[in-house]
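What follows is a short report on a single structure.
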Amino acid sequence: MKKLAPYLIIVSIILLVQFSLSFFEKGTYEAYAFHTEKEVTLFNKMAAALPTGFNSIFAGSGECNLCHGTAGAGPNTTANQDANGNDVSPVADWKATMMANSAKDPFWRAKVSHEVLVNPALQQEIESTCIRCHAPNGFFDAIHNGQPHYSIAEMVQDPLAMDGVSCTSCHSMLPDGLGDVFSAGMSYDTNKTIYGPYSAPFTNPMVNSIGFTPTQGNHVNSSEMCGACHTLITHPVDTNGNPLGTHFVEQAIYHEWENSSYSTTNQTSCQDCHMPSITDNVVISDRPPWLTPRTPFGKHFLVGGNAFMLNLLKDNIDTLNLSANTTEFDTVINRTVNQLQHKTLDITLAEKQRVNDTAYYAIELTNKAGHKFPAGYPSRRAYIDFVVIDDLGDTLFHSGKVDNQYRLLDESSTYENHYNTITADNQVQIYEMVMGDVNSNVTTVLERAFANLKDNRIAPAGFTTTHANYDTVRVYGNAAIDPNFNKNGMTEGTGKDSIFYNVHLNGYTGTLNVLATIYYQPVPPKWTDEMFAHNSSEIDLFKLLYDSADHVPVIVASASLNNPTGIKNVSVKHLKIYPNPNSGTVYLEGLVNIKAINLFSVDGKLVDTIKWNRQGKQTFNLPKTKGIYYLNVINNNGKNESHKIIHQ
């Protein structure tokens with residue numbers, strides 16, 4: 001508190017001076033405004049910086065940034081970097097993550113407002129429950145100091161609360177009860193202790209600088225620590241706001257992990273994937289300059305799957321008063337997309353047979369994550385886009401069609417059932433959790449969520465119905481009786497789902513070109529409809545940002561049969577195409593003796609002919625419409641190669 005008091009006094013003086021100046025500059029009307037334009041600007045600048053100062057338990061991330069921030073910024077220019085000189089500083093990696101921005105997340109803020117509008121009598125309980133995880137530095141300090149509740153209004157005025165899930169949110173957490181406490185039921189050290197994974201830490205610099213004492217606490221590397229917030233239990237009310245005396249599992253990522261091979265045979269923790277460890281010797285603080293390196297080092301990537309919200313945050317840094325810049329957001333977005341596309345899901349596509357004017361296809365999806373896919377907050381879903389095209393480029397079958405806002409056109413107005421076999425293109429496979437109220441009507445109001453109507457999110461490997469916590473992470477709906485969902489015969493735990501497509505050909509006998517794509521939507525339009533029917537400053541702001549956002553879902557995995565361009569694939573030696581996926585600009589290397597470079601759309605139509613510049617390297621831009629394209633390169637010897645390119 002000693003450092004915070006002078007800071008608040010200085011801020012108050014500055015605001016008072018700005019208020020006085022504005023009185024004389026703007027006139028009497030401006031003087032009666034709640035805040036002048038200059039005051040708001042000054043406040044926004046302060047809010048955008050990493051907060052410094054302390055409360056009874058926590059420190060602002062700006063305090064930690066002094067020693068654990070950008071590599072090379074302090075007296076030890078080799079600190080906070082790996083063996084190759086790359087910046088691995090914890091604050092720099094964390095700064096643009098969803099955890100860092102959890103209290104400023106406009107979707108979360110809008111959703112809390114929505115819940116309160118629907119259940120106004122429960123405002124205190126709703127806000128306190130939501131803030132526990134999204135702004136723990138404010139909530140737990142308030143409770144520690146005797147407050148029964150902590151509100152959104154208090155949070156937005158509290159710089160440490162607006163720091164989100166920051167450094168001391170995790171490193172001050174006690175090991176007490178972890179693995180058995182959920183819904184942010186964790187406890188915090190109130191004696192200014194910082195827990196880290198290393199033995200015998202050199203304590204003096206941190207003690208002298210910010211008054212915290214570092215000590216070893218192996219629980220910081222445990223999944224149990226993550227489970228404190230990433231299993232969330234709510235207490236349902238009916239449509240009139242009356243408590244029902246039951247509970248509802250809003251999310252249970254930790255319990256899904258427990259019911260998987262990742263917690264047993266694979267021995268893989270949450271941190272192993274979301275905070276990847278390196279064995280380099282890393283000097284973890286740039287003070288003192290002679291500090292001994294440590295290994296292994298967990299990089300604070302804290303990467304999830306919500307690239308949509310990260311892009312929305314990046315596009316609205318000033319509006320939302322965010323601390324990270326566009327480069328930092330781009331780094332986290334790239335890590336997020338990479339995790340989705342390389343560490344989440346595998347797909348295989350096969351033609352089983354073609355008889356009696358019908359082609360039969362099988363898709364097998366394998367979950368590579370240590371929890372369900374999609375995981376977490378119930379808005380998140382994935383769907384299969386399945387397209388069959390003839391040799392003329394005409395579409396014979398298309399399951400998963402969307403409009404220009406990526407709203408599924410053929411989805412049921414309530415919810416789409418889980419399918420084992422799809423026989424018509426107005427059926428679409430969507431992997432999701434669907435909540436129902438006490439009357440079994442679909443709801444997106446968390447307080448009204450009474451029972452699951454559907455949960456066919458793909459289970460992780462090793463997931464079984466006989467596990468002790470299956471009652472927390474059940475499969476609901478048709479997936480529970482699907483013989484190919486997480487099963488191989490009578491054996492459970494495959495972590496796979498197989499789905500079959502029966503495509504009627506209507507007399508067509510030529511070659512079939514097939515493409516199956518898995519798209520991920522963390523905030524699909526259908527989920528926001530109920531919230532956008534209400535109005536508040538938070539909802540209206542998010543709707544404005546949401547409507548202006550790029551809604552292209554991330555392609556998690558795809559597979560194809562035959563070549564939608566109808567061209568035989570023969571390798572062009574040394575050809576390299578990168579980056580892929582990309583944001584619209586493509587680089588080619590190894591171009592030698594080229595006759596033609598053609599770009600085709602996913603339905604086989606020629607969309608561009610690229611003029612070769614007679615050099616080994618070349619750059620070109622994809623069309624503005626995002627999606628899948630095929631680049632076909634032909635050399636003068638008649639050899640050619642087609643590559644799938646993903647523009648997102």
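Identifiers in the structure tokens: chain A, B, ... in order shown; residue index from 1 per chain; ligand index from 1 in order shown.
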Write out as number ranges by chain which residues come within 10 Å of A:Val607 when counting only C-alpha atoms, dropping same-chain ones fewer than 3 positions away. A: 598-601, 604, 610, 622-623, 629-630
Closest pair table for stretch 72-111 of chain A residues within 9 Å of stretch 538-561 of chain A, only C-alpha atoms, as a Markdown table:
| residue | atom | partner | partner_atom | distance |
| --- | --- | --- | --- | --- |
| A:Pro106 | CA | A:Phe542 | CA | 5.6 |
| A:Phe107 | CA | A:Phe542 | CA | 6.1 |
| A:Arg109 | CA | A:Glu538 | CA | 6.1 |
| A:Ala110 | CA | A:Ile539 | CA | 4.5 |
| A:Lys111 | CA | A:Ile539 | CA | 7.4 |
Can you tell me which residues surround A:Ser498 at a distance of at most 8 Å, considering only C-alpha atoms, apart from same-chain residues fewer than 5 positions away, and format the answer as an NGL selection string? :A and (362-365 or 420 or 484-485)
Which residues come within 10 Å of stretch 479-482 of chain A, counting only C-alpha atoms, excluding same-chain residues fewer than 5 positions away, as a PDB file with C-alpha atoms, in the first residue's frame?
ATOM      1  CA  ASN A 417     -28.528 -33.240 -33.625  1.00  0.00           C
ATOM      2  CA  HIS A 418     -25.335 -35.261 -33.666  1.00  0.00           C
ATOM      3  CA  TYR A 419     -25.068 -37.435 -36.773  1.00  0.00           C
ATOM      4  CA  ASN A 420     -23.486 -40.815 -37.339  1.00  0.00           C
ATOM      5  CA  THR A 421     -24.511 -40.724 -41.028  1.00  0.00           C
ATOM      6  CA  TYR A 431     -19.537 -30.427 -32.360  1.00  0.00           C
ATOM      7  CA  LYS A 454     -26.459 -31.941 -26.420  1.00  0.00           C
ATOM      8  CA  ASP A 455     -22.746 -32.421 -25.836  1.00  0.00           C
ATOM      9  CA  ASN A 456     -20.967 -34.195 -28.668  1.00  0.00           C
ATOM     10  CA  ARG A 457     -17.664 -32.399 -28.334  1.00  0.00           C
ATOM     11  CA  ILE A 458     -14.999 -34.915 -29.287  1.00  0.00           C
ATOM     12  CA  THR A 465     -17.957 -43.558 -19.101  1.00  0.00           C
ATOM     13  CA  ARG A 474     -20.932 -36.604 -19.713  1.00  0.00           C
ATOM     14  CA  LYS A 487     -15.430 -46.215 -29.351  1.00  0.00           C
ATOM     15  CA  ASP A 497     -15.391 -39.789 -34.069  1.00  0.00           C
ATOM     16  CA  SER A 498     -16.288 -41.330 -37.422  1.00  0.00           C
ATOM     17  CA  ILE A 499     -19.023 -39.823 -39.547  1.00  0.00           C
TER      18      ILE A 499
END
